[in-house]
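The block underneath contains the structure these notes are about, expressed in C-alpha cells.
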Amino acid sequence: METACTHTTVLLREAVEALDIQPDGTYVDATFGRGGHSRLILSKLSPQGRLIAFDKDPEAIAAAQSIQDPRFSIRHQGFTDLGELPAGSIDGVLMDLGVSSPQIDTPERGFSFRFDGPLDMRMDTTRGQSVSEWLADAELQHIAEVIREYGEERFAQQIAKAIVARRQERGVPTSTSELAQLVADTVKTREPGKDPATRTFQAFRIFINAELEELQQALEASLQVLRTGGRLAVISFHSLEDRIVKQFIAKHSREVYDRRAPFAPPQVMAFESIGRIKPSAEEVAANPRSRSAMLRVAKRLGEGTQP
C-alpha cells in the first residue's frame with residue numbers, strides 16, 4: 001500500500017529504454033511529476049547531455065528543486081508549450097499522462113473520491129477554475145456532455161440533473177465526498193470493483209484541465225521539435241488518451257498521396273511506429289495503479305527517410 005505523497009513511476013525502465021538515450025543528446029520529460037523518469041534519463045546522459053522538464057503543478061516544480069544538476073532544467077508550463085523549443089533540437093520526448101499519486105493522495109487537491117477535500121482538481125492551482133467553481137454556473141446540458149464525453153458515463157444525464165437539483169436546493173457540491181455521495185445516490189448499478197463516482201471524477205478532471213486538447217497540441221508540437229531519429233514515448237492511462245496517441249502516430253506513419261497528382265511521389269511519413277508496451281504482471285501486482293497503462297513509441301523520420 002502506497003503512503004500519501006509517495007509516487008511509484010509507471011513503466012520507468014521501459015519508457016526510458018524506448019527513448020534510446022544518446023549520452024550527448026537533449027531530451028524532454030514533458031510531465032515531470034516527481035521526477036522518476038527524469039532521474040533515470042539523467043543517469044544515462046554524459047556531461048554534454050541535457051534534460052528539459054515541464055510541469056504545470058507547483059508542487060512538482062518544488063520537488064524538482066532537489067535535482068541540483070547543471071544538465072537539468074524545469075519549466076512551470078504545460079507540455080502544450082513544447083513547441084517553444086527550437087525545431088529539430090530534441091532527441092526524445094517522454095509524456096507520462098494522467099495524475100500522479102501525490103496528486104491523488106493529497107486530499108487538498110480534490111482529485112480523489114477516497115479522501116474528503118475541496119472539489120478542485122486543477123493540475124495548476126495558480127490559475128483557472130476549480131470544479132466546484134465551474135459547476136456553480138455550468139448549464140445542465142454542458143455538465144451532462146462533459147460527463148458523457150470525458151467519463152464515458154452512461155448515466156451522465158441523470159448525474160447532471162442531480163447536480164443541478166442539488167445546486168438549486170442547497171448550493172453546488174464543494175467537497176469531493178459530497179460529489180461522490182451524490183453520484184452514488186444517482187447511479188444505481190455499479191461496475192464490479194469500481195466506485196460509481198470514478199467516471200464522473202475522471203470526466204471533471206479531464207475537462208477542467210483541458211487534458212485531451214493539451215495532449216493533441218503537445219503531440220503536434222513533438223513533430224516540430226524532434227530531430228530525425230528522435231523518439232516519442234507516451235504513457236496513457238485510459239482509452240480517451242490512448243486513442244488520441246494511437247491515432248496521431250497512425251496518421252503520421254503512413255504515406256499520403258495527392259489525388260490531384262496521382263504520379264507524384266507520396267508525402268514522406270513523419271513517424272515510424274515502434275510499438276506498444278504494457279506493464280508486466282509483476283509491476284501491476286506491486287503497483288495496481290499501473291494496470292491500465294499503455295506505452296506507445298514512435299521514431300521521427302526525416303525528409304526522404306523510409307522506415
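So you can find residues: chains in the C-alpha cells are A, B, ... in the order shown, residues in each start at 1, and ligands are numbered from 1 in order.
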Within 7 Å of segment 134-143 of chain A, counting only C-alpha atoms, which residues show up once you throw out same-chain ones fewer than 4 positions away? Write them as a PyMOL selection string, please. chain A and resi 129-130+147+160-161+164+172
Take the residues just selected and output them with N, CA, C and O atoms as a PDB file, in the first residue's frame.
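again32.pdb, written as the output of this step:
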```
ATOM      1  N   GLN A 129     -10.295  27.798 -13.171  1.00  0.00           N
ATOM      2  CA  GLN A 129     -11.416  27.481 -12.296  1.00  0.00           C
ATOM      3  C   GLN A 129     -11.248  26.104 -11.664  1.00  0.00           C
ATOM      4  O   GLN A 129     -10.770  25.175 -12.304  1.00  0.00           O
ATOM      5  N   SER A 130     -11.701  25.976 -10.420  1.00  0.00           N
ATOM      6  CA  SER A 130     -11.826  24.658  -9.817  1.00  0.00           C
ATOM      7  C   SER A 130     -13.117  24.009 -10.332  1.00  0.00           C
ATOM      8  O   SER A 130     -13.961  24.676 -10.954  1.00  0.00           O
ATOM      9  N   ILE A 147     -19.575  14.851 -18.677  1.00  0.00           N
ATOM     10  CA  ILE A 147     -19.561  13.538 -18.024  1.00  0.00           C
ATOM     11  C   ILE A 147     -19.636  12.425 -19.059  1.00  0.00           C
ATOM     12  O   ILE A 147     -18.947  11.403 -18.946  1.00  0.00           O
ATOM     13  N   ALA A 160     -25.979  14.778 -14.081  1.00  0.00           N
ATOM     14  CA  ALA A 160     -26.034  16.225 -14.297  1.00  0.00           C
ATOM     15  C   ALA A 160     -27.301  16.821 -13.688  1.00  0.00           C
ATOM     16  O   ALA A 160     -27.265  17.885 -13.052  1.00  0.00           O
ATOM     17  N   LYS A 161     -28.425  16.146 -13.861  1.00  0.00           N
ATOM     18  CA  LYS A 161     -29.675  16.637 -13.277  1.00  0.00           C
ATOM     19  C   LYS A 161     -29.595  16.667 -11.753  1.00  0.00           C
ATOM     20  O   LYS A 161     -30.076  17.606 -11.108  1.00  0.00           O
ATOM     21  N   VAL A 164     -27.497  19.707 -10.687  1.00  0.00           N
ATOM     22  CA  VAL A 164     -28.235  20.966 -10.829  1.00  0.00           C
ATOM     23  C   VAL A 164     -29.333  21.069  -9.768  1.00  0.00           C
ATOM     24  O   VAL A 164     -29.562  22.145  -9.184  1.00  0.00           O
ATOM     25  N   VAL A 172     -24.009  24.282  -4.859  1.00  0.00           N
ATOM     26  CA  VAL A 172     -23.219  23.293  -5.580  1.00  0.00           C
ATOM     27  C   VAL A 172     -22.353  22.490  -4.603  1.00  0.00           C
ATOM     28  O   VAL A 172     -21.928  23.011  -3.569  1.00  0.00           O
TER      29      VAL A 172
END
```
Residues at most 10 Å from Glu178 of chain A, counting only C-alpha atoms, excluding those fewer than 5 positions away in the same chain, as a PyMOL selection string? chain A and resi 113+116-119+172-173+183-184
List every residue of segment 29-271 of chain A that DSSP, applied to the backbone of this structure, places in alpha helix (DSSP H), and write the result as number ranges by chain. A: 36-43, 58-64, 101-105, 131-135, 140-151, 156-170, 176-186, 198-208, 211-225, 239-251
Can you tell me, as number ranges by chain, what residues are no more than 10 Å from Asp96 of chain A when counting only C-alpha atoms, ignoring any on the same chain fewer than 6 positions away? A: 9-12, 15, 29-33, 37, 233-237, 293-295
Contacts of Val28 of chain A at 12 Å (only C-alpha atoms; same-chain gap of 2+ positions) as a ChimeraX atom specification: /A:16,19,21,25-26,30-32,35,37-38,41-42,49-55,71-75,79,81-83,85,89-96,218,222,225-226,230-234
Apply DSSP to the backbone of this structure and, from segment 60-307 of chain A, keep only the residues in strand (DSSP E); write these as an NGL selection string. :A and (72-75 or 90-96 or 226-236 or 271-277 or 294-300)
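Near segment 185-195 of chain A, within a cut-off of 8 Å and counting only C-alpha atoms, sit the residues Phe155, Gln158, Ile159, Ala162 and Gln181 of chain A, with same-chain residues fewer than 4 positions away left out.
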Output C-alpha atoms for every residue in that selection, as a PDB file, in the first residue's frame.
```pdb
ATOM      1  CA  PHE A 155     -25.787   7.862 -16.580  1.00  0.00           C
ATOM      2  CA  GLN A 158     -29.073  11.678 -14.556  1.00  0.00           C
ATOM      3  CA  ILE A 159     -25.916  12.769 -12.721  1.00  0.00           C
ATOM      4  CA  ALA A 162     -28.826  15.601  -9.723  1.00  0.00           C
ATOM      5  CA  GLN A 181     -22.173  10.657  -2.457  1.00  0.00           C
TER       6      GLN A 181
END
```
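Ranking A:His252, A:Ala281, A:Ala210, A:Pro196 by their shortest atom-to-atom distance to Gly128 of chain A, with only C-alpha atoms included, puts A:Ala210 first.
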Do you know which residues are at most 12 Å from Val99 of chain A counting only C-alpha atoms, after dropping those on the same chain fewer than 2 positions away, and could you put them as a count of residues only? 41
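Distance annotation: of A:Leu215, A:Ile249, A:Leu223, A:Ile61, the residue with the minimal separation from Pro86 of chain A is A:Leu223; atom set is only C-alpha atoms.
If only C-alpha atoms are the atoms counted, then among A:Arg167, A:Glu213, A:Gln157, A:Asp69 the closest residue to Ser46 of chain A is A:Asp69.
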Using only C-alpha atoms, the best pick from A:Phe204, A:Ile244, A:Ile163, A:Gly98 as closest to Ser292 of chain A would be A:Gly98
What is the distance, in Å and to one decimal place, between atom CA of Ser273 of chain A and atom CA of Lys246 of chain A? 9.4 Å
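We find atom CA of Ala298 of chain A and atom CA of Gly88 of chain A to be spaced 15.5 Å apart.
Straight-line separation from atom CA of Ser239 of chain A to atom CA of Tyr150 of chain A: 10.0 Å.
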